[in-house]
Amino acid sequence: MTGKVTSAEDGEPLPGVSVKVKGSQTGTSTGSQGSFSIQASSGQVLTFSFVGTTTVERTVGTSNTINVALESSSASLNEVVVTGQGVNRDSKSLGYSIPTVKGDEVAQTQRADFFGGLQGRVPGLSINSTSGNPGASAQIVLRGFVSISGDNNALIVVDGVPIDNSILNENQLGSVGTNQDRDYSNGAMNVSPEDIESYSVMKGPEATALYGSSGASGAILITTKKGKAGKGTINYSGSVALQKVNRFPLFQQKYNSGQNGVFASNTTIYGGPAFVEGTKIYDNAKEFFQVGVANNHSLSFEGGTDKFSYRWSNQYYDEDGTVPTTSYKRLTSTVTGVGTISRLLKLTSTFSFTNSDNVKSNKGLNGYMVGLSRFNSSYDINNWQDENGNRRLYVGSIYSEMDNPLWDIYKNTNEDSGTAFRVNTNLQFTPTNWLTITAIGGANITNTEGMRVYHPQSYRGSGSDDDPTGGFIETYERTVRILNATANATARHSFGRFNNTYIIGADISNNEINVDSQRGEQFFDPNFKSINNTLPTSQRSRNVISQVRKVGMFGQAVLGYESLVFLTLGLRMDGASKLMPNNPYFVYPLTSLAFNFTEIQSLANAMPWLSYGKLRASVALTGKEPWREYSTGSNLVGKSSTGGGFGLDYYGGNPNLKPEKSTNFETGFEMQFLKNRIGVDFTYYSLRSDAQIINPRLSYGSGFVLRLMNGGAVVNKGVEVQLNVNPVRRPSFNYDFTVNFSRNRGKVLSIAEELPELYDSDTWLFNGVRSAVHPGYSTTAISGNILPRNNNGDLLINPATGLPITSTDTKYYPIGDRNPKFTVGLVNRFRYKNLGLSFLWDLRYGGDVLNGTEYLNYTRMISLKTLDREVPRIIKGVLQDGLENTANPTPNTIAVTPYLNSNYYTTNVGPEMFIERNIKALRLRDVTLNFTMPKSVLSRLKFAESLSAFVTLRDLVLISNYSGMDPESNANTPALGGVGGYGIDNGNVGKPIGMNLGLRLKL
């Protein structure tokens, strides 16, 4: 039998398609032009399968030729998918959910990072970004937060090799930062979205167990584009984008600075009298932001023969943000070659180089947003320096007055630049038609150099009258080297109606991180940014080295009966150097069952409307190594204090430390109806994690501050549904949509040593509130102080002032839950002849957000909620007069006029007042309109194969009951473990509206 396999979308030949005789070991694959040749008899069935496409079956008849057009599908039940360790499997044999997304669907959003384009397209995936500024980082979380203190980010794997997705942890700098004031880009931003062919998202227990400890939080498997054999082609894609902030912060502009109705120029509290009539008021918030511009250009060359194909791609991305001076630039060049050395041996190699530069603004309490709120509206923000280049002051000295936000972004430098190399080689040896041996080796090496500077005249760089700093600079160099190697053998065996697959393999990884940082003060030249420009006696340096090695062995047996039932049994053993000198090895099993009930012919005949049906279940134990190296013993670290040398770290060692263990269960079903027009994928999962590795504080009498220890349990349960509907399917018009529904609930069952609370000090951003967990409450709880109340729950009032009693209780209580009730992503795709339209709606329903920005504005009397300050009011409560806990407490009747008593806005507050509850947010994340030039017109251009133009709109609509600018916020960075600053708004501006105009050309 001979024939040709092409793409149903564009008619292009598909090389590498698997062609097999069903029920036998006979098989082959298509060549560079999509052609194949295979021995088959009349009546036998040929199966055609390819990654990302729907598997097709054809019965051999009297003709010796069969031509097939494969349809691509991001959610097909009959496709071949990439699973753990680079093994391809038919989705019918999988006992877990593994949704896939086409790379071009993400690339068309024109975002700098691929993970931002995945938001809403995968059930169970949450992308929690820190801001809408260029190069902003994001948490990438699958199925909720499981580890209380450890890393919850998904593993990123590119062509079978895990890559670096970490960011700098400021605890490793000489200044020992708190991950609040600055942001650092994810390592995965070095991967260009234009180079990605497809994404496979692994969330189930069997899937995560394949990657061991590294994949315990799930994995996103990326398959990059490869060259197609045939005549050489040149592909260009280019676009220009404009970006604009459309949700501005709102401040009261009626009252001047001061307190108790009395003017004071030397304060940023706005409790003074009303501005004098005729005073010019400036809208400094709108004056501050600018229109951002982004350019995105990609150029690739590809071609080859049956024996060798190549692809060389280049991308240049250049974005200037809506905050002046901010920018992100990235140049990526990638070369991939695929060679068939012999009929037994195939080699695929990729080399990628990335160079990036990121100029950032400060954020959080020292960022531009908080600076805008503190800047007096009667002053023009554009008047930020005098004719001599000195900082213009309004209310005090350089030591007491906060920076004008424009001075801050122009004079206080915050930038980094980096290079990244990614190399991988895949060697596939097929000595027989039943055995395949695959070896994959790769390296990911990144080097980042960064600098932050506070000008000598800046508030944070000046110091004080008594102890002037004279400017501050800190530089760092961070080098990450990740080496990975894996080898596996896949054997296929069939007898009778049984078809089995056996997989055995091993992997090893070596991760090294080196951070060198230097800091200095007392600038000789105030505008020269160099550590050599500081007083030598003020200079300090620090070096932090992390070296981690992991090894693993794994095996799987996939036992199949025809295409009806597949039972998978597996076992993995991991070894982690972080556990040494103790026993570094831990073992966990896995099993799954897939039952394709529509393979029962009588059932299929009885339900012709049911195209496909599968029931599935899987269970596995997974382990997670300690998230911090050198944890089992108390280690020495370099000291940056006077004298230098080495000393004990503030982390104490724990020789009894063990890995976290999780029991992961998943069950669900997959069905397709009406000739695959409607598809449903339902999943229920439950994950219990015991022996949590937490990071509690110790008694200072121990000689240490923190120590890793095992203790506590967390359970996560949830439901995921993916619905695919294709209501219109015609040659000239097609409409399909995908609905992704997710609901997750996480609960802390216990914490070690009966701790009432476990918190991360880096999230202690405001007085009396922080991110923490409590036994019996959600994993995403917000913890805070509460105002004193009597036994009946009534607020206690001071009889002398009529204001609430100031709390002396140092205990923190759960006052909010940041976890949404559910999320929904709706992807719509229309195609009419040569016109295509797609758009994504993303809904977050429920969950609380801590509006820290409003907290700051309210207590500084700049919030719109303080405009009624001249109206007397009585705070509801009872007097603390000795009768508060009796049967007849004294109701409060004391009137307070906040205009005359500014303490109303500082004493009459508690963090729970700024927890905005049950937040809903409906966002139109992206819209793309694409027009492809008709073939009849294009034929006149002899040199062009295809030409299209597109318009993409990003973050066009946000409908929310949140009073701040954007509920999607993270007050810290993903460097924090646990939940971190997710759901805490601390001067967050959010994502601007973006509009891209571009074209694609294929020569």
# chains A, B, ... in the order shown; residues from 1 in each chain; ligands from 1

$ closest_atom_pairs --of "range 522-565 of chain A" --to "range 626-630 of chain A" --cutoff "10 Å" --atoms "only C-alpha atoms" --output "tab-separated table"
residue	atom	partner	partner_atom	distance
A:Ile545	CA	A:Glu629	CA	9.7
A:Ser546	CA	A:Glu629	CA	6.8
A:Gln547	CA	A:Glu629	CA	7.7
A:Val548	CA	A:Glu629	CA	7.1

$ write_last_selection --atoms "N, CA and C atoms" --output "mmCIF file, in the first residue's frame"
data_model
loop_
_atom_site.group_PDB
_atom_site.id
_atom_site.type_symbol
_atom_site.label_atom_id
_atom_site.label_comp_id
_atom_site.auth_asym_id
_atom_site.auth_seq_id
_atom_site.Cartn_x
_atom_site.Cartn_y
_atom_site.Cartn_z
ATOM 1 N N ILE A 545 26.294 29.978 46.731
ATOM 2 C CA ILE A 545 26.456 28.872 45.791
ATOM 3 C C ILE A 545 25.466 27.768 46.148
ATOM 4 N N SER A 546 24.771 27.283 45.142
ATOM 5 C CA SER A 546 23.850 26.158 45.315
ATOM 6 C C SER A 546 24.206 25.095 44.291
ATOM 7 N N GLN A 547 24.483 23.895 44.761
ATOM 8 C CA GLN A 547 24.795 22.779 43.878
ATOM 9 C C GLN A 547 23.903 21.603 44.253
ATOM 10 N N VAL A 548 23.093 21.162 43.304
ATOM 11 C CA VAL A 548 22.106 20.121 43.566
ATOM 12 C C VAL A 548 22.192 19.068 42.465
#

$ residues_around --residues "range 92-94 of chain A" --least-positions-apart "5" --cutoff "12 Å" --atoms "only C-alpha atoms" --output "ChimeraX atom specification"
/A:49,54-55,76-84,99,202,204-207,499-501,557-569,591-599,612-618,666-671

$ write_last_selection --atoms "C-alpha atoms" --output "compact mmCIF listing (two decimals), in the first residue's frame"
# COMPACT_ATOMS: atom_id res chain seq x y z
CA SER A 49 -1.43 9.10 13.92
CA THR A 54 -6.82 13.26 15.22
CA THR A 55 -5.95 9.63 14.56
CA SER A 76 -8.77 15.37 20.49
CA LEU A 77 -9.49 12.07 22.18
CA ASN A 78 -7.78 10.09 19.44
CA GLU A 79 -4.49 11.90 19.11
CA VAL A 80 -0.90 10.93 19.84
CA VAL A 81 0.41 13.03 22.71
CA VAL A 82 3.84 13.64 24.20
CA THR A 83 3.98 12.31 27.75
CA GLY A 84 6.70 12.26 30.39
CA PRO A 99 -4.74 18.72 27.50
CA MET A 202 0.67 17.16 32.60
CA GLY A 204 -2.33 13.80 36.69
CA PRO A 205 -0.61 11.51 39.18
CA GLU A 206 0.87 9.16 36.60
CA ALA A 207 2.18 12.09 34.57
CA ASN A 499 -0.79 -5.30 22.91
CA ASN A 500 1.68 -4.28 25.57
CA THR A 501 4.28 -1.57 25.89
CA ALA A 557 4.22 -1.47 31.79
CA VAL A 558 1.23 -0.53 29.61
CA LEU A 559 -0.95 -3.61 29.26
CA GLY A 560 -3.60 -3.31 26.55
CA TYR A 561 -6.43 -5.46 25.35
CA GLU A 562 -7.13 -4.42 21.76
CA SER A 563 -8.04 -0.72 21.97
CA LEU A 564 -10.52 -1.40 24.74
CA VAL A 565 -8.66 -1.50 28.04
CA PHE A 566 -5.22 -0.25 29.06
CA LEU A 567 -3.69 -0.86 32.47
CA THR A 568 -0.51 1.04 33.31
CA LEU A 569 1.76 0.01 36.17
CA THR A 591 -1.04 2.94 38.26
CA SER A 592 -3.78 3.96 35.86
CA LEU A 593 -6.65 2.40 33.95
CA ALA A 594 -8.22 3.52 30.67
CA PHE A 595 -11.45 1.89 29.45
CA ASN A 596 -12.49 2.92 25.92
CA PHE A 597 -16.04 1.60 26.11
CA THR A 598 -17.01 2.68 22.59
CA GLU A 599 -14.60 0.05 21.30
CA TYR A 612 -16.01 8.11 21.39
CA GLY A 613 -16.09 7.33 25.10
CA LYS A 614 -13.48 6.56 27.72
CA LEU A 615 -13.47 6.09 31.49
CA ARG A 616 -10.19 6.58 33.26
CA ALA A 617 -8.64 6.54 36.73
CA SER A 618 -5.14 6.84 38.10
CA GLU A 666 -7.63 11.26 39.56
CA THR A 667 -10.69 9.90 37.78
CA GLY A 668 -12.84 11.10 34.93
CA PHE A 669 -14.25 10.45 31.51
CA GLU A 670 -13.83 11.63 27.93
CA MET A 671 -16.65 11.58 25.39

$ residues_around --residues "Trp609 in chain A" --least-positions-apart "4" --cutoff "9 Å" --atoms "only C-alpha atoms" --output "PDB file with N, CA and C atoms, in the first residue's frame"
ATOM      1  N   ALA A 604     -21.294   0.586  20.504  1.00  0.00           N
ATOM      2  CA  ALA A 604     -21.155   1.627  19.488  1.00  0.00           C
ATOM      3  C   ALA A 604     -22.323   1.608  18.525  1.00  0.00           C
ATOM      4  N   GLN A 672     -17.021  12.027  23.059  1.00  0.00           N
ATOM      5  CA  GLN A 672     -17.271  12.868  21.897  1.00  0.00           C
ATOM      6  C   GLN A 672     -18.557  12.395  21.249  1.00  0.00           C
ATOM      7  N   PHE A 673     -19.335  13.378  20.779  1.00  0.00           N
ATOM      8  CA  PHE A 673     -20.655  13.105  20.238  1.00  0.00           C
ATOM      9  C   PHE A 673     -20.775  13.648  18.812  1.00  0.00           C
ATOM     10  N   LEU A 674     -21.733  13.086  18.075  1.00  0.00           N
ATOM     11  CA  LEU A 674     -22.134  13.605  16.766  1.00  0.00           C
ATOM     12  C   LEU A 674     -20.935  13.803  15.853  1.00  0.00           C
ATOM     13  N   LYS A 675     -20.211  12.717  15.613  1.00  0.00           N
ATOM     14  CA  LYS A 675     -19.051  12.730  14.727  1.00  0.00           C
ATOM     15  C   LYS A 675     -18.015  13.750  15.194  1.00  0.00           C
TER      16      LYS A 675
END

$ residues_around --residues "Gly983 in chain A" --least-positions-apart "6" --cutoff "7 Å" --atoms "only C-alpha atoms" --output "PyMOL selection string"
chain A and resi 818+849-850+968-970

$ write_last_selection --atoms "N, CA and C atoms" --output "JSON list (two decimals), in the first residue's frame"
[["chain", "number", "residue", "atom", "x", "y", "z"],
["A", 818, "ARG", "N", -7.98, 33.77, 49.39],
["A", 818, "ARG", "CA", -7.72, 34.27, 48.04],
["A", 818, "ARG", "C", -8.12, 33.30, 46.93],
["A", 849, "VAL", "N", -9.43, 39.44, 47.70],
["A", 849, "VAL", "CA", -8.22, 40.17, 47.35],
["A", 849, "VAL", "C", -7.94, 41.19, 48.45],
["A", 850, "LEU", "N", -6.71, 41.21, 48.93],
["A", 850, "LEU", "CA", -6.31, 42.23, 49.90],
["A", 850, "LEU", "C", -5.93, 43.48, 49.13],
["A", 968, "GLU", "N", -5.94, 40.88, 39.54],
["A", 968, "GLU", "CA", -4.87, 39.92, 39.25],
["A", 968, "GLU", "C", -3.55, 40.55, 39.68],
["A", 969, "SER", "N", -3.09, 40.18, 40.86],
["A", 969, "SER", "CA", -1.94, 40.85, 41.43],
["A", 969, "SER", "C", -1.11, 39.90, 42.26],
["A", 970, "ASN", "N", 0.14, 40.27, 42.45],
["A", 970, "ASN", "CA", 1.06, 39.53, 43.31],
["A", 970, "ASN", "C", 2.03, 40.54, 43.89]]

$ closest_residue --among "A:Lys717, A:Asp736, A:Ser309, A:Phe289" --to "Arg247 in chain A" --atoms "only C-alpha atoms"
A:Phe289

$ closest_residue --among "A:Ile163, A:Ala188, A:Asn376, A:Val544" --to "Ser265 in chain A" --atoms "only C-alpha atoms"
A:Asn376

$ atom_distance --atom1 "CA of Glu449 in chain A" --atom2 "CA of Pro162 in chain A"
22.9 Å

$ closest_residue --among "A:Val359, A:Ala487, A:Ala443, A:Ala229" --to "Ile409 in chain A" --atoms "only C-alpha atoms"
A:Val359

$ atom_distance --atom1 "CA of Asn972 in chain A" --atom2 "CA of Asp183 in chain A"
8.0 Å

$ residues_around --residues "Gly187 in chain A" --least-positions-apart "4" --cutoff "7 Å" --atoms "only C-alpha atoms" --output "list of chain:residue names"
A:Asp164, A:Asn165, A:Ser166, A:Ile167

$ write_last_selection --atoms "N, CA, C and O atoms" --output "compact mmCIF listing (two decimals), in the first residue's frame"
# COMPACT_ATOMS: atom_id res chain seq x y z
N ASP A 164 15.49 26.04 33.01
CA ASP A 164 15.46 26.93 34.17
C ASP A 164 14.30 27.90 34.05
O ASP A 164 14.20 28.63 33.07
N ASN A 165 13.41 27.88 35.03
CA ASN A 165 12.32 28.86 35.08
C ASN A 165 12.37 29.66 36.38
O ASN A 165 11.41 30.30 36.76
N SER A 166 13.48 29.61 37.07
CA SER A 166 13.59 30.30 38.35
C SER A 166 13.85 31.79 38.15
O SER A 166 14.18 32.23 37.05
N ILE A 167 13.67 32.54 39.22
CA ILE A 167 14.04 33.94 39.21
C ILE A 167 14.90 34.21 40.44
O ILE A 167 14.96 33.39 41.37

$ closest_residue --among "A:Thr233, A:Thr632, A:Asn834, A:Asn153" --to "Asn734 in chain A" --atoms "only C-alpha atoms"
A:Asn834

$ closest_residue --among "A:Gln315, A:Glu302, A:Lys4, A:Val323" --to "Glu287 in chain A" --atoms "only C-alpha atoms"
A:Val323

$ residues_around --residues "Ser175 in chain A" --least-positions-apart "2" --cutoff "8 Å" --atoms "only C-alpha atoms" --output "list in words"
Glu170, Asn171, Leu173, Gly177, Glu474 and Arg519 of chain A

$ select_by_dssp --residues "range 246-462 of chain A" --states "helix (DSSP H, G or I)" --output "list in words"
Asn284, Ala285, Lys286, Glu287, Phe288, Gly364, Leu365, Asn366, Tyr368, Met369, Val370, Gly371, Leu372, Ser373, Arg374, Pro405, Leu406, Trp407, Asp408, Ile409, Tyr410, Lys411, Tyr459, Arg460, Gly461 and Ser462 of chain A

$ residues_around --residues "range 885-897 of chain A" --least-positions-apart "6" --cutoff "8 Å" --atoms "only C-alpha atoms" --output "PyMOL selection string"
chain A and resi 790-792+797+799+801-803+869-879+904

$ atom_distance --atom1 "CA of Asn412 in chain A" --atom2 "CA of Ser462 in chain A"
11.8 Å

$ closest_residue --among "A:Ile269, A:Tyr832, A:Leu657, A:Gly703" --to "Tyr735 in chain A" --atoms "only C-alpha atoms"
A:Tyr832
